[in-house]
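Single-structure report; data block below.
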Amino acid sequence: MTTTIDQQSREAAISVDGMDCASCVAHVEQAMKRVAGVEACQVNLARGRATVRYNPATTNLDEISQAITQSGYPATAESTEDAQNVEEQRLLRQQAHARTWFHRAVAGVVLWLPVELTHWILKWMGEDHQHGAMGGGLDWMVWAALISSTLAMVYVGWGFYRGAWAAMKRRTTDMDTLIAMGTSVADVYSLVALIGYLGGAWRELPDLYFMEASGLLALISLGHWMEARARDSAGSAIRKLMQLTPSTAQRLDEAGESTEVPVAQLHKGDRVLVRPGDRVAMDGVVLEGRSSVDESMISGEPLPVVRSAGDEVIGGTINQDGRLVVRVMKVGSESALAQIVALVEKAQSSKPPVQRLADRIAAVFVPVVLGIALATAIGWHVWGAAHGWEAATTWGMMAKAVCSVLIIACPCALGLALPAAMMVGTGRGAQRGILVRDIDALQNAEKIDTVVLDKTGTITRGKPVVGRVVAMDGVEEREILRLAASAEQFSEHPLARAIVDRARQQELKLVSPEQFNNEPGYGVLARVEGRNLLVGSEALLRKAANGSALGDGPVMDGLGSIVHVAHQDEAGAVRRLGYVQITDQIKEDSARAIALLHAMRLRTVLLTGDNAATANAIARQVGIDDVRAEVKPGQKAAEIRKLQGESGGPGAGSNRRRVAMVGDGINDAPALAAADLGIAIGSGSDIAKESGDIVLVGSSLVEIAAAIRLSRATMRTIRQNLFWAFLYNVLAIPLAALGLLNPLIAAGAMALSDVTVIGNALLLRRSKIDG
């Protein structure tokens with residue numbers, strides 16, 4: 001996938017095959033950085049995917065992909081127009097990779113386990129199978145172990161040897177190098193020891209590691225198969241999102257006849273028929289029809305929404321019960337679904353400083369381990385000579401320790417620790433409509449102790465509606481609404497639109513004003529049916545009255561705005577006719593969302609430009625106790641910084657507050673940028689334009705608490721994985737070097753370390769993020 005960053009740079013994704021460990025990641029990144037024009041790059045081991053930012057005037061994707069391929073890892077640039085096919089191809093490669101390891105594991109176990117079990121059964125029965133009973137000849141078990149080991153080295157070990165040889169030709173080392181050398185040490189030593197015994201060099205047959213060599217290959221192959229399956233499972237969230245887009249659509253021609261065509265052939269402006277039960281093919285606008293549309297797979301909100309002519313629909317959502325005709329407005333990478341996937345993949349590729357440290361360690365890990373193995377061999381040789389050991393005993397101990405060191409060292413866990421957790425965490429969030437931009441957003445989210453919420457469009461629906469109509473001086477309420485709507489019908493003010501919409505809902509007959517004058521900030525002056533009407537604020541009436549008595553106005557209850565309706569006679573006297581109260585309805589789940597935040601010991605603040613009476617009334621209804629009212633849009637960022645300057649709350653771990661700002665992502669952009677964490681809510685299909693660190697696709701405030709809980713759980717898993725990966729290598733390698741680990745135990749531990757890291761990440765699927 002390719003994205004334009006600015007006029008000079010582009011960002012693209014490249015599929016990379018053959019990466020098995022963090023050393024591979026380092027080699028791929030080095031290969032890309034050596035290409036002139038590459039400005040930045042990151043590799044996601046768990047996804048088998050590289051992202052690169054480059055200057056198209058200097059290089060291109062083909063050159064970068066070729067450089068990666070030449071470094072030993074087949075690479076192909078991903079298409080922006082057929083992302084679903086790219087993901088399907090990646091899945092097929094992953095499944096083929098897993099099958100290969102499964103076949104090797106089965107062959108390895110068949111060649112190793114029967115011989116190993118027979119060995120232990122005979123030993124338990126007290127039989128000495130190191131030496132035969134007939135003339136001191138070799139026991140048949142030795143020959144069986146030699147034959148099975150040789151077959152395992154040829155069939156199961158071939159993949160490791162091929163990888164190690166390829167790395168050696170590139171003058172590098174990787175995980176295959178360690179495994180190939182470890183198994184070779186065990187097998188070659190055993191073969192030499194056996195030949196030496198047969199040639200009379202040893203009086204007794206030394207310890208042989210034929211069974212250990214075949215067992216190493218079996219267990220490591222089994223671990224690689226389990227790891228491949230776990231990686232496939234960890235990446236399932238993105239595939240599920242990709243699969244939401246249908247493969248075909250019903251395109252309408254000018255005559256209204258429908259033809260089934262592949263979705264990839266749709267263009268902007270095409271008319272598409274969406275039947276009941278069908279998925280919407282691409283983002284568009286409804287031209288005809290009315291239906292309930294299930295958007296839960298995109299927004300996370302369980303209830304369907306009604307869509308009719310003029311409404312936007314998002315590709316991948318399900319039309320439930322009506323016929324819709326939709327004009328396609330966005331295709332390919334412009335669609336909401338493609339933007340969601342792109343955001344998730346970008347987040348999965350981001351790395352915190354601690355992961356970059358792990359990558360630097362992994363880049364030199366294999367050479368260091370080879371050095372430790374050499375030092376181990378020298379150490380045991382010196383120890384054996386100093387203590388008068390026989391040569392057979394010394395060389396046997398050297399082989400055991402060196403083999404264990406080479407096998408147990410595991411850079412894979414270091415490379416998988418973060419991307420595995422990010423894949424599962426961000427994937428689960430995406431399925432809930434919670435989009436995390438990068439690792440920094442997760443790190444900031446877990447530290448939040450104060451949540452600031454905008455009122456309009458966040459706590460409330462953001463769409464003014466008529467709450468009630470009050471008539472005065474003997475005029476009927478319907479007449480007040482009709483006069484007000486007639487005067488306001490050409491105004492674009494949101495309050496005016498709410499009045500006109502209500503009048504039309506009641507099927508009132510509106511008349512065009514003979515005269516119309518808009519007074520910005522006050523209201524309108526209009527002549528309707530021969531009467532001079534004033535429709536607007538109290539200030540408009542007082543201005544028109546020019547100091548004359550007006551009489552008492554309505555008592556404000558703080559739950560909306562008042563639009564006054566008055567008549568001005570030819571003498572200039574102003575007489576009240578009534579008023580219309582406009583309210584912005586509170587969302588059904590706002591109070592529950594605030595309660596969930598309070599249950600997490602988070603402070604909540606309402607930040608709005610509305611008057612204090614309205615703000616306090618809204619805050620009381622939803623449970624917010626800190627209100628900052630009458631704050632102009634340009635002042636909201638300063639208010640955020642003021643909150644950040646206050647002392648931190650309980651468990652903040654800082655001497656200042658960590659503030660999250662929740663807003664609509666466009667009007668509140670400065671405040672979102674000033675906050676430690678910006679959460680953009682209700683973004684619809686313009687996801688890529690949002691300025692939030694976390695984007696909530698739906699409009700439900702409940703997802704704020706879910707997003708923070710998910711961030712905490714993901715960061716906790718990342719820390720656990722990195723701790724385990726570092727601790728494993730710090731403890732395991734010295735134990736192996738000291739000869740305290742059998743090579744088979746080393747192989748099992750190495751395989752288990754990878755599976756443990758990915759398995760721990762998969763537990764994120766079960767973590768509780770709901771209240």
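Chain labels follow the order of the structure tokens: the first chain is A, the next B, and so on; residue numbering restarts at 1 in every chain, and ligands are counted from 1 in their shown order.
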
Item to check | Backbone DSSP call of alpha helix (DSSP H) for region 4-225 of chain A, listed as a ChimeraX atom specification | outcome: /A:22-33,61-70,83-124,140-155,158-169,175-198,210-225

Export C-alpha atoms of the chosen residues as a compact mmCIF listing (two decimals), in the first residue's frame?
# COMPACT_ATOMS: atom_id res chain seq x y z
CA ALA A 22 14.44 -10.58 15.44
CA SER A 23 17.78 -11.00 13.66
CA CYS A 24 15.84 -11.34 10.41
CA VAL A 25 14.07 -8.06 11.20
CA ALA A 26 17.42 -6.33 11.63
CA HIS A 27 18.71 -7.73 8.32
CA VAL A 28 15.61 -6.59 6.40
CA GLU A 29 15.75 -3.10 7.91
CA GLN A 30 19.46 -2.83 7.08
CA ALA A 31 18.79 -3.90 3.50
CA MET A 32 16.17 -1.16 3.08
CA LYS A 33 18.32 1.52 4.72
CA LEU A 61 9.26 0.33 -4.50
CA ASP A 62 10.64 -2.20 -6.97
CA GLU A 63 14.23 -1.26 -6.07
CA ILE A 64 13.49 -1.47 -2.34
CA SER A 65 11.71 -4.82 -2.72
CA GLN A 66 14.60 -6.14 -4.81
CA ALA A 67 17.09 -5.07 -2.14
CA ILE A 68 15.15 -7.02 0.48
CA THR A 69 14.90 -10.06 -1.79
CA GLN A 70 18.63 -9.97 -2.48
CA ALA A 83 -5.91 -4.80 -0.21
CA GLN A 84 -8.24 -7.76 0.33
CA ASN A 85 -6.37 -9.83 -2.24
CA VAL A 86 -3.05 -8.85 -0.63
CA GLU A 87 -4.32 -10.07 2.72
CA GLU A 88 -5.63 -13.30 1.18
CA GLN A 89 -2.23 -13.96 -0.41
CA ARG A 90 -0.52 -13.29 2.91
CA LEU A 91 -2.88 -15.75 4.60
CA LEU A 92 -2.14 -18.41 1.96
CA ARG A 93 1.60 -17.94 2.48
CA GLN A 94 1.18 -18.18 6.26
CA GLN A 95 -0.89 -21.33 5.94
CA ALA A 96 1.66 -22.89 3.56
CA HIS A 97 4.43 -21.92 5.99
CA ALA A 98 2.54 -23.53 8.89
CA ARG A 99 1.92 -26.71 6.85
CA THR A 100 5.61 -27.02 6.03
CA TRP A 101 6.56 -26.87 9.70
CA PHE A 102 3.77 -29.28 10.59
CA HIS A 103 5.07 -31.88 8.10
CA ARG A 104 8.61 -31.46 9.41
CA ALA A 105 7.42 -31.72 13.01
CA VAL A 106 5.47 -34.93 12.30
CA ALA A 107 8.44 -36.47 10.50
CA GLY A 108 10.78 -35.42 13.31
CA VAL A 109 8.56 -36.84 16.04
CA VAL A 110 8.12 -40.14 14.11
CA LEU A 111 11.89 -40.46 13.71
CA TRP A 112 12.76 -39.46 17.28
CA LEU A 113 10.04 -40.36 19.77
CA PRO A 114 9.82 -44.17 19.26
CA VAL A 115 13.61 -44.51 19.66
CA GLU A 116 13.64 -42.18 22.67
CA LEU A 117 10.77 -44.02 24.38
CA THR A 118 12.36 -47.42 23.73
CA HIS A 119 15.61 -46.15 25.20
CA TRP A 120 13.95 -45.07 28.45
CA ILE A 121 11.84 -48.23 28.71
CA LEU A 122 14.93 -50.41 28.38
CA LYS A 123 16.79 -48.25 30.90
CA TRP A 124 13.88 -48.51 33.34
CA TRP A 140 21.07 -52.26 18.38
CA MET A 141 19.71 -49.10 20.02
CA VAL A 142 22.85 -47.18 19.05
CA TRP A 143 22.42 -48.16 15.41
CA ALA A 144 18.72 -47.29 15.54
CA ALA A 145 19.54 -43.88 17.00
CA LEU A 146 22.20 -43.27 14.35
CA ILE A 147 19.86 -44.17 11.48
CA SER A 148 16.91 -42.11 12.80
CA SER A 149 19.19 -39.15 13.52
CA THR A 150 20.68 -39.23 10.03
CA LEU A 151 17.21 -39.31 8.43
CA ALA A 152 16.06 -36.44 10.66
CA MET A 153 19.12 -34.35 9.80
CA VAL A 154 18.50 -34.87 6.08
CA TYR A 155 14.72 -34.33 5.93
CA TRP A 158 17.28 -29.49 5.55
CA GLY A 159 15.30 -26.25 5.97
CA PHE A 160 17.56 -25.05 8.80
CA TYR A 161 20.73 -25.90 6.89
CA ARG A 162 19.50 -24.18 3.77
CA GLY A 163 18.66 -21.04 5.78
CA ALA A 164 22.02 -21.12 7.55
CA TRP A 165 23.87 -21.52 4.24
CA ALA A 166 21.96 -18.61 2.70
CA ALA A 167 22.81 -16.45 5.72
CA MET A 168 26.46 -17.42 5.49
CA LYS A 169 26.56 -16.44 1.81
CA MET A 175 18.24 -18.30 14.05
CA ASP A 176 18.84 -21.00 11.44
CA THR A 177 22.58 -20.60 12.05
CA LEU A 178 22.21 -21.42 15.73
CA ILE A 179 19.91 -24.41 15.15
CA ALA A 180 22.04 -25.84 12.32
CA MET A 181 25.22 -25.51 14.36
CA GLY A 182 23.61 -26.86 17.54
CA THR A 183 22.23 -30.00 15.93
CA SER A 184 25.44 -30.47 13.94
CA VAL A 185 27.53 -30.31 17.11
CA ALA A 186 25.37 -33.01 18.72
CA ASP A 187 25.31 -35.27 15.66
CA VAL A 188 28.87 -34.83 14.42
CA TYR A 189 30.33 -35.25 17.91
CA SER A 190 28.32 -38.44 18.39
CA LEU A 191 29.47 -39.79 15.02
CA VAL A 192 33.14 -39.02 15.77
CA ALA A 193 32.84 -40.53 19.24
CA LEU A 194 31.28 -43.67 17.79
CA ILE A 195 33.99 -44.04 15.15
CA GLY A 196 36.64 -43.44 17.80
CA TYR A 197 35.14 -46.18 19.99
CA LEU A 198 34.98 -48.62 17.08
CA PHE A 210 22.07 -39.03 18.22
CA MET A 211 18.63 -39.12 19.84
CA GLU A 212 19.10 -35.58 21.16
CA ALA A 213 19.93 -34.32 17.64
CA SER A 214 16.75 -35.77 16.13
CA GLY A 215 14.76 -34.66 19.18
CA LEU A 216 16.06 -31.11 18.83
CA LEU A 217 14.86 -30.91 15.24
CA ALA A 218 11.47 -32.43 16.13
CA LEU A 219 10.80 -30.11 19.07
CA ILE A 220 12.03 -26.97 17.28
CA SER A 221 9.91 -27.77 14.21
CA LEU A 222 6.92 -28.39 16.47
CA GLY A 223 7.53 -25.04 18.15
CA HIS A 224 7.78 -23.27 14.79
CA TRP A 225 4.47 -24.83 13.72

Next on the checklist: Which residues are near Leu435 (chain A)? Cut-off 8 Å, only C-alpha atoms, ignore same chain within fewer than 4 positions. Put them as a ChimeraX atom specification.
Outcome noted: /A:340,343-344,426,429-430,694-697

Item to check | Lys636 (chain A) environment, 12 Å, only C-alpha atoms, sequence neighbours closer than 3 positions dropped, as a ChimeraX atom specification | outcome: /A:452-454,606-609,628-633,639-643,661-663,667-675

Export of the given selection (C-alpha atoms) as an mmCIF file, in the first residue's frame:
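The new file out-v1.cif reads:
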data_model
loop_
_atom_site.group_PDB
_atom_site.id
_atom_site.type_symbol
_atom_site.label_atom_id
_atom_site.label_comp_id
_atom_site.auth_asym_id
_atom_site.auth_seq_id
_atom_site.Cartn_x
_atom_site.Cartn_y
_atom_site.Cartn_z
ATOM 1 C CA VAL A 452 -12.070 16.290 29.343
ATOM 2 C CA LEU A 453 -15.204 16.081 27.219
ATOM 3 C CA ASP A 454 -16.674 18.547 24.765
ATOM 4 C CA LEU A 606 -16.979 19.267 30.787
ATOM 5 C CA LEU A 607 -15.417 21.858 28.458
ATOM 6 C CA THR A 608 -17.847 23.884 26.367
ATOM 7 C CA GLY A 609 -18.483 27.271 24.837
ATOM 8 C CA ARG A 628 -15.521 24.812 32.325
ATOM 9 C CA ALA A 629 -18.171 26.862 30.463
ATOM 10 C CA GLU A 630 -18.135 29.784 28.020
ATOM 11 C CA VAL A 631 -14.727 28.714 26.679
ATOM 12 C CA LYS A 632 -14.259 29.813 23.075
ATOM 13 C CA PRO A 633 -12.835 27.278 20.571
ATOM 14 C CA GLU A 639 -7.663 25.269 29.195
ATOM 15 C CA ILE A 640 -6.179 21.817 28.534
ATOM 16 C CA ARG A 641 -2.693 23.117 29.358
ATOM 17 C CA LYS A 642 -4.081 24.695 32.514
ATOM 18 C CA LEU A 643 -5.451 21.308 33.610
ATOM 19 C CA MET A 661 -9.483 15.338 25.425
ATOM 20 C CA VAL A 662 -12.593 13.864 23.814
ATOM 21 C CA GLY A 663 -14.048 15.830 20.913
ATOM 22 C CA ASN A 667 -13.646 21.487 15.533
ATOM 23 C CA ASP A 668 -11.659 20.448 18.608
ATOM 24 C CA ALA A 669 -8.396 19.745 16.747
ATOM 25 C CA PRO A 670 -6.246 22.275 18.721
ATOM 26 C CA ALA A 671 -7.455 20.913 22.067
ATOM 27 C CA LEU A 672 -6.968 17.313 20.915
ATOM 28 C CA ALA A 673 -3.405 18.148 19.891
ATOM 29 C CA ALA A 674 -2.656 19.919 23.192
ATOM 30 C CA ALA A 675 -3.883 17.009 25.325
#

Next on the checklist: If DSSP is run on the backbone, what residues of region 310-507 of chain A are strand (DSSP E)? A reply as a count of residues only would be ideal.
Outcome noted: 24

Item to check | For region 322-332 of chain A: contacts at 9 Å, only C-alpha atoms, fewer than 2 positions along chain excluded, given as a PyMOL selection string | outcome: chain A and resi 80-83+252+264+266-277+280-293+307-309+312-313+319-320+334-336+338

Item to check | Residue nearest Gly396 (chain A) among A:Pro206, A:Pro304, A:Gly467, A:Gly578 (counting only C-alpha atoms) | outcome: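 Comparing A:Pro206, A:Pro304, A:Gly467, A:Gly578 against Gly396 (chain A), the winner is A:Pro206.
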
Item to check | Near-region 722-725 of chain A list (6 Å; only C-alpha atoms; drop same-chain fewer than 3 positions) as a list in words | outcome: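 Result of the neighbour search: Ala413, Leu414, Ala417, Arg719 and Tyr728 of chain A.
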